[in-house]
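J.: Got protein_23.tsv for you, TSV, C-alpha atoms:
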```tsv
chain	number	residue	atom	x	y	z
A	14	MET	CA	-33.97	26.88	-2.19
A	15	PHE	CA	-30.28	26.91	-1.32
A	16	THR	CA	-27.23	29.17	-1.51
A	17	ASN	CA	-23.76	28.15	-2.68
A	18	ASN	CA	-20.86	30.20	-1.39
A	19	PHE	CA	-18.19	27.51	-1.05
A	20	ASP	CA	-14.50	28.37	-1.17
A	21	PRO	CA	-12.91	26.56	-4.15
A	22	VAL	CA	-9.68	26.25	-2.14
A	23	ALA	CA	-9.72	23.12	0.02
A	24	ILE	CA	-6.38	23.58	1.78
A	25	GLU	CA	-4.11	26.60	1.98
A	26	ILE	CA	-0.60	26.27	3.41
A	27	PHE	CA	1.21	29.62	3.36
A	28	SER	CA	0.97	30.63	-0.32
A	29	LEU	CA	0.25	27.09	-1.54
A	30	GLU	CA	-3.37	26.46	-2.50
A	31	ILE	CA	-4.85	23.00	-3.01
A	32	ARG	CA	-8.21	23.24	-4.71
A	33	TRP	CA	-11.13	20.84	-4.49
A	34	TYR	CA	-10.84	20.10	-8.21
A	35	SER	CA	-7.24	18.94	-7.78
A	36	LEU	CA	-8.23	16.75	-4.84
A	37	ALA	CA	-11.04	15.25	-6.93
A	38	TYR	CA	-8.53	14.18	-9.59
A	39	ILE	CA	-6.13	12.72	-7.05
A	40	ILE	CA	-8.73	10.87	-4.98
A	41	GLY	CA	-10.59	9.65	-8.07
A	42	ILE	CA	-7.42	8.19	-9.58
A	43	LEU	CA	-6.32	6.54	-6.31
A	44	VAL	CA	-9.73	5.00	-5.61
A	45	GLY	CA	-10.08	3.88	-9.22
A	46	TRP	CA	-6.63	2.29	-9.13
A	47	VAL	CA	-7.36	0.32	-5.95
A	48	LEU	CA	-10.80	-0.88	-7.07
A	49	SER	CA	-9.53	-1.80	-10.53
A	50	LYS	CA	-6.77	-4.06	-9.23
A	51	LYS	CA	-8.95	-5.59	-6.52
A	52	TYR	CA	-12.24	-6.17	-8.32
A	53	PHE	CA	-12.22	-5.39	-12.04
A	54	ILE	CA	-9.09	-7.03	-13.49
A	55	SER	CA	-9.14	-10.80	-13.86
A	56	LYS	CA	-6.27	-11.39	-16.28
A	57	VAL	CA	-2.87	-11.66	-14.61
A	58	GLU	CA	-0.96	-10.02	-17.46
A	59	ILE	CA	-3.23	-6.97	-17.38
A	60	LYS	CA	-2.94	-6.63	-13.60
A	61	GLU	CA	0.86	-6.84	-13.83
A	62	ASN	CA	0.98	-4.01	-16.36
A	63	PHE	CA	-1.78	-1.87	-14.89
A	64	ASP	CA	0.47	0.33	-12.71
A	65	ASP	CA	2.57	1.31	-15.72
A	66	TYR	CA	-0.56	1.79	-17.81
A	67	LEU	CA	-2.10	4.10	-15.22
A	68	THR	CA	0.77	6.57	-15.61
A	69	TYR	CA	0.02	6.90	-19.33
A	70	ALA	CA	-3.72	7.02	-18.65
A	71	ILE	CA	-3.25	10.01	-16.33
A	72	LEU	CA	-1.25	11.80	-19.02
A	73	GLY	CA	-3.98	10.94	-21.52
A	74	ILE	CA	-6.65	12.42	-19.24
A	75	ILE	CA	-4.76	15.66	-18.63
A	76	ILE	CA	-3.39	16.28	-22.12
A	77	GLY	CA	-6.51	15.02	-23.88
A	78	GLY	CA	-8.80	16.94	-21.55
A	79	ARG	CA	-6.93	20.18	-22.13
A	80	LEU	CA	-6.60	19.79	-25.90
A	81	GLY	CA	-10.23	18.75	-26.11
A	82	TYR	CA	-11.30	21.96	-24.41
A	83	VAL	CA	-9.06	23.99	-26.69
A	84	LEU	CA	-10.33	22.36	-29.91
A	85	PHE	CA	-13.99	21.80	-29.05
A	86	TYR	CA	-14.84	24.78	-26.86
A	87	ASN	CA	-12.49	27.74	-27.28
A	88	LEU	CA	-10.31	27.33	-30.38
A	89	LYS	CA	-10.62	30.94	-31.54
A	90	TYR	CA	-9.26	32.26	-28.24
A	91	TYR	CA	-6.33	29.84	-28.05
A	92	LEU	CA	-5.33	30.50	-31.66
A	93	SER	CA	-4.86	34.12	-30.58
A	94	TYR	CA	-3.17	33.23	-27.28
A	95	PRO	CA	-1.49	29.80	-27.80
A	96	ILE	CA	0.71	30.11	-24.71
A	97	ASP	CA	-2.45	30.02	-22.58
A	98	ILE	CA	-2.97	26.41	-23.62
A	99	LEU	CA	-0.34	25.51	-21.04
A	100	LYS	CA	-2.13	27.40	-18.23
A	101	ILE	CA	-4.20	24.45	-17.04
A	102	TRP	CA	-4.47	26.00	-13.56
A	103	GLN	CA	-6.74	28.67	-15.04
A	104	GLY	CA	-9.35	26.03	-15.86
A	105	GLY	CA	-10.66	24.56	-19.08
A	106	MET	CA	-10.85	20.76	-19.35
A	107	SER	CA	-13.10	18.63	-21.54
A	108	PHE	CA	-14.36	15.24	-20.41
A	109	HIS	CA	-14.70	14.05	-23.99
A	110	GLY	CA	-11.17	15.24	-24.73
A	111	GLY	CA	-9.89	13.29	-21.73
A	112	LEU	CA	-11.79	10.25	-22.97
A	113	LEU	CA	-10.15	10.52	-26.39
A	114	GLY	CA	-6.79	10.91	-24.66
A	115	ILE	CA	-7.31	7.71	-22.69
A	116	ILE	CA	-8.41	5.83	-25.81
A	117	PHE	CA	-5.32	6.97	-27.69
A	118	VAL	CA	-2.78	6.04	-24.99
A	119	THR	CA	-4.59	2.76	-24.27
A	120	ILE	CA	-4.38	1.62	-27.89
A	121	TRP	CA	-0.70	2.56	-27.96
A	122	PHE	CA	0.09	0.86	-24.63
A	123	ALA	CA	-1.87	-2.29	-25.43
A	124	LYS	CA	-0.26	-2.63	-28.84
A	125	LYS	CA	3.18	-2.25	-27.28
A	126	ASN	CA	2.40	-5.09	-24.85
A	127	ASN	CA	0.46	-7.20	-27.35
A	128	HIS	CA	-2.77	-6.95	-25.35
A	129	ASN	CA	-6.37	-6.30	-26.30
A	130	PRO	CA	-6.91	-2.56	-25.52
A	131	PHE	CA	-10.48	-3.23	-24.39
A	132	TYR	CA	-9.22	-5.10	-21.32
A	133	TYR	CA	-7.84	-1.74	-20.14
A	134	LEU	CA	-10.68	0.40	-21.46
A	135	ASP	CA	-13.35	-1.78	-19.83
A	136	THR	CA	-11.54	-1.52	-16.50
A	137	ILE	CA	-11.29	2.25	-16.78
A	138	SER	CA	-14.97	2.40	-17.73
A	139	MET	CA	-15.90	0.56	-14.54
A	140	VAL	CA	-14.21	3.11	-12.27
A	141	ALA	CA	-14.64	6.27	-14.36
A	142	PRO	CA	-17.99	7.14	-12.69
A	143	ILE	CA	-16.14	7.57	-9.40
A	144	GLY	CA	-13.92	10.26	-10.88
A	145	ILE	CA	-16.88	11.83	-12.66
A	146	PHE	CA	-18.84	12.01	-9.40
A	147	LEU	CA	-15.98	13.70	-7.55
A	148	GLY	CA	-15.31	16.03	-10.46
A	149	ARG	CA	-18.93	17.21	-10.66
A	150	ILE	CA	-19.05	17.79	-6.91
A	151	SER	CA	-15.94	19.93	-7.34
A	152	ASN	CA	-17.66	21.82	-10.17
A	153	TYR	CA	-20.51	22.54	-7.75
A	154	ILE	CA	-18.12	23.76	-5.06
A	155	ASN	CA	-16.33	25.93	-7.62
A	156	SER	CA	-19.66	27.42	-8.85
A	157	GLU	CA	-18.88	26.42	-12.44
A	158	LEU	CA	-20.82	24.56	-15.13
A	159	TYR	CA	-23.97	25.74	-13.37
A	160	GLY	CA	-27.54	25.33	-14.56
A	161	THR	CA	-30.16	27.56	-16.08
A	162	VAL	CA	-32.39	29.87	-14.04
A	163	THR	CA	-35.31	28.09	-12.36
A	164	ASP	CA	-37.75	28.26	-9.47
A	165	VAL	CA	-37.74	24.58	-8.51
A	166	PRO	CA	-37.63	24.00	-4.72
A	167	TRP	CA	-34.07	22.66	-4.86
A	168	ALA	CA	-32.71	25.58	-6.91
A	169	VAL	CA	-29.34	27.01	-5.86
A	170	LYS	CA	-28.07	30.58	-5.86
A	171	PHE	CA	-24.38	30.63	-6.79
A	172	ILE	CA	-23.18	33.72	-4.98
A	173	GLN	CA	-19.95	33.86	-7.00
A	174	VAL	CA	-21.99	33.95	-10.24
A	175	ASP	CA	-25.08	36.15	-9.75
A	176	ASN	CA	-28.23	36.48	-7.65
A	177	TYR	CA	-30.40	34.09	-9.67
A	178	PHE	CA	-31.54	30.69	-8.48
A	179	ARG	CA	-30.40	27.98	-10.86
A	180	HIS	CA	-30.55	24.26	-11.50
A	181	PRO	CA	-27.66	22.56	-9.65
A	182	SER	CA	-26.77	20.76	-12.88
A	183	GLN	CA	-23.43	19.68	-11.42
A	184	LEU	CA	-25.30	17.61	-8.83
A	185	TYR	CA	-27.58	16.17	-11.52
A	186	GLU	CA	-24.48	15.00	-13.37
A	187	ALA	CA	-22.82	13.70	-10.21
A	188	THR	CA	-25.93	11.60	-9.52
A	189	LEU	CA	-26.60	10.26	-13.02
A	190	GLU	CA	-23.11	10.10	-14.54
A	191	GLY	CA	-21.53	9.10	-11.25
A	192	VAL	CA	-23.74	7.09	-8.89
A	193	ILE	CA	-26.37	5.70	-11.27
A	194	LEU	CA	-23.88	4.91	-14.04
A	195	PHE	CA	-21.62	3.08	-11.57
A	196	ILE	CA	-24.55	0.94	-10.40
A	197	ILE	CA	-25.51	0.13	-14.01
A	198	LEU	CA	-21.97	-0.97	-14.82
A	199	LEU	CA	-21.82	-3.13	-11.69
A	200	ILE	CA	-25.03	-4.88	-12.80
A	201	PHE	CA	-23.55	-5.67	-16.21
A	202	LYS	CA	-20.32	-6.85	-14.58
A	203	LYS	CA	-22.26	-9.16	-12.27
A	204	ARG	CA	-23.94	-10.67	-15.32
A	205	GLY	CA	-20.55	-11.54	-16.80
A	206	PHE	CA	-20.25	-8.91	-19.52
A	207	LEU	CA	-16.81	-7.84	-18.30
A	208	ASP	CA	-15.57	-11.13	-19.80
A	209	PHE	CA	-16.35	-9.85	-23.31
A	210	PRO	CA	-13.84	-7.09	-24.13
A	211	GLY	CA	-15.46	-3.90	-25.38
A	212	PHE	CA	-19.00	-4.51	-24.18
A	213	ILE	CA	-18.62	-2.61	-20.88
A	214	SER	CA	-16.93	0.25	-22.74
A	215	GLY	CA	-19.95	0.41	-25.04
A	216	ILE	CA	-22.38	0.42	-22.11
A	217	PHE	CA	-20.40	3.22	-20.49
A	218	LEU	CA	-20.50	5.35	-23.64
A	219	ILE	CA	-24.23	4.80	-24.17
A	220	PHE	CA	-25.35	5.68	-20.65
A	221	TYR	CA	-22.86	8.46	-20.03
A	222	SER	CA	-23.76	10.08	-23.34
A	223	SER	CA	-27.48	9.73	-22.68
A	224	PHE	CA	-27.23	11.23	-19.20
A	225	ARG	CA	-24.98	14.06	-20.39
A	226	PHE	CA	-27.24	14.84	-23.35
A	227	PHE	CA	-30.28	15.06	-21.07
A	228	ILE	CA	-28.67	17.17	-18.36
A	229	GLU	CA	-27.31	19.68	-20.87
A	230	PHE	CA	-30.89	20.93	-21.28
A	231	PHE	CA	-30.65	22.22	-17.69
A	232	ARG	CA	-27.10	23.57	-17.95
A	233	VAL	CA	-25.95	26.96	-19.22
A	234	PRO	CA	-23.97	26.42	-22.46
A	235	ASP	CA	-20.42	27.70	-22.78
A	236	GLU	CA	-20.61	31.46	-23.19
A	237	GLN	CA	-18.24	31.58	-26.17
A	238	LEU	CA	-20.26	28.95	-28.06
A	239	GLY	CA	-23.86	29.18	-26.96
A	240	TYR	CA	-26.37	26.90	-28.65
A	241	MET	CA	-25.39	25.37	-31.97
A	242	ILE	CA	-27.03	23.25	-34.68
A	243	PHE	CA	-30.62	22.20	-33.83
A	244	ASN	CA	-30.28	24.39	-30.73
A	245	LEU	CA	-27.97	21.82	-29.14
A	246	THR	CA	-24.83	22.49	-27.11
A	247	MET	CA	-21.37	21.31	-28.07
A	248	GLY	CA	-21.55	18.81	-25.20
A	249	GLN	CA	-24.73	17.31	-26.64
A	250	ILE	CA	-23.30	17.07	-30.15
A	251	ILE	CA	-20.17	15.27	-28.97
A	252	SER	CA	-22.21	13.05	-26.64
A	253	PHE	CA	-24.40	11.98	-29.56
A	254	ILE	CA	-21.30	10.91	-31.51
A	255	PHE	CA	-20.02	8.85	-28.58
A	256	PHE	CA	-23.49	7.37	-28.13
A	257	ILE	CA	-23.34	6.02	-31.70
A	258	VAL	CA	-19.88	4.57	-30.99
A	259	GLY	CA	-21.29	2.88	-27.88
A	260	ILE	CA	-24.17	1.36	-29.86
A	261	TYR	CA	-21.67	0.00	-32.39
A	262	LEU	CA	-19.53	-1.53	-29.65
A	263	ILE	CA	-22.29	-3.37	-27.79
A	264	THR	CA	-23.81	-4.56	-31.07
A	265	THR	CA	-20.57	-6.08	-32.31
A	266	LYS	CA	-19.51	-7.42	-28.91
A	267	TYR	CA	-22.92	-8.95	-28.23
A	268	GLU	CA	-22.75	-10.76	-31.57
A	269	ILE	CA	-19.39	-12.22	-30.55
A	270	LYS	CA	-20.86	-13.18	-27.14
A	271	SER	CA	-23.83	-14.88	-28.80
A	272	LYS	CA	-21.59	-16.88	-31.15
A	273	ASN	CA	-19.54	-18.06	-28.21
```
I need this file expressed as structure tokens, please.

T.:
Amino acid sequence: MFTNNFDPVAIEIFSLEIRWYSLAYIIGILVGWVLSKKYFISKVEIKENFDDYLTYAILGIIIGGRLGYVLFYNLKYYLSYPIDILKIWQGGMSFHGGLLGIIFVTIWFAKKNNHNPFYYLDTISMVAPIGIFLGRISNYINSELYGTVTDVPWAVKFIQVDNYFRHPSQLYEATLEGVILFIILLIFKKRGFLDFPGFISGIFLIFYSSFRFFIEFFRVPDEQLGYMIFNLTMGQIISFIFFIVGIYLITTKYEIKSKN
């Protein structure tokens, strides 16, 4: 068994604090940008517009992630204290909200440039596991989104939380939603599925949602929500919806691939 007592602050210069979570966002975006332009974009017109698109994608992640948390996970609180919605530094971001934000800005940006939005979404899907991996490692360092109490040999005591040994659910997610999902997407890319817009996005949604749904069984649900319908968490309910969307995408895109 292990003990977690990491400092969430990575760098402190005088009164300026740079936290691991912030670094995860920055590094994830930079690495994703480089890999996208070097390996995952084949169309010249998409590559030429990708830098401009990335600016909107970042805004989509931040605004969508924050609003997603507000609407899905803590609406009652933020209706009482709406000004706190702006206090992103206090925490509270939703992956699914960020995903919706990216989808929204991508459709808008692609329509403005007369492009198929799935060329952008498929590219983002390819590199998203990198950001997810770094984000979940940061969650582990920050002692947040921790798992349920357990006595497995690899259990972790989060000193900043309590004295119980728990599942390191953040590391489970980093492994499945980050490393394993990235490998799966690379396999599908190697087999040529990146040439069929929308298929990779569907694969991403299916596997991310499946991994997230499974790991939520080992993760403590949000305190203000607890378990919901069928004893599922909010994360599982939203993941199931995105899973259905993913099934729809690969079904329709595979039909187009077969006809071609």

J.: Smallest atom-to-atom distance to Val169 (chain A): which of A:Leu184, A:Leu199, A:Ile74, A:Leu36, using only C-alpha atoms?

T.: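 Closest to Val169 (chain A) of all the choices is A:Leu184.
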
J.: Of the candidates A:Asn87, A:Thr188, A:Asn129, A:Asn62, which one gets nearest to Met106 (chain A) if we count all atoms listed in the file?

T.: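 Checking each candidate against Met106 (chain A), we get A:Asn87 as the closest.
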
J.: Check which residues of region 160-204 of chain A sit at most 8 Å from region 227-247 of chain A using only C-alpha atoms, and return one row each with the closest pair of atoms and their distance in Å to one decimal, ordered by chain and rising number, as a Markdown table.

T.:
```
| residue | atom | partner | partner_atom | distance |
| --- | --- | --- | --- | --- |
| A:Gly160 | CA | A:Arg232 | CA | 3.8 |
| A:Thr161 | CA | A:Val233 | CA | 5.3 |
| A:His180 | CA | A:Phe231 | CA | 6.5 |
| A:Ser182 | CA | A:Arg232 | CA | 5.8 |
| A:Tyr185 | CA | A:Ile228 | CA | 7.0 |
| A:Glu186 | CA | A:Ile228 | CA | 6.9 |
```

J.: Using only C-alpha atoms, pick whichever of A:Ile98, A:Val174, A:Leu262, A:Ile137 has the shortest atom-to-atom distance to Leu84 (chain A).

T.: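 Under the stated criterion, the closest residue is A:Ile98.
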
J.: Report the distance between CA of Lys56 (chain A) and CA of Gly78 (chain A) in Å, rounded to one decimal place.

T.: 28.9 Å

J.: Do you have the CA of Ala141 (chain A)-CA of Ile216 (chain A) distance handy?

T.: 12.4 Å

J.: Rank A:Trp102, A:Phe206, A:Tyr82, A:Tyr132 by their smallest atom-to-atom distance to Ile120 (chain A), using all atoms listed in the file, and report the top residue only.

T.: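 Among the listed residues, the smallest separation from Ile120 (chain A) belongs to A:Tyr132.
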
J.: Can you work out the spacing between CA of Ser55 (chain A) and CA of Trp121 (chain A) in Å, to one decimal?

T.: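 So the two atoms, CA of Ser55 (chain A) and CA of Trp121 (chain A), lie 21.2 Å apart.
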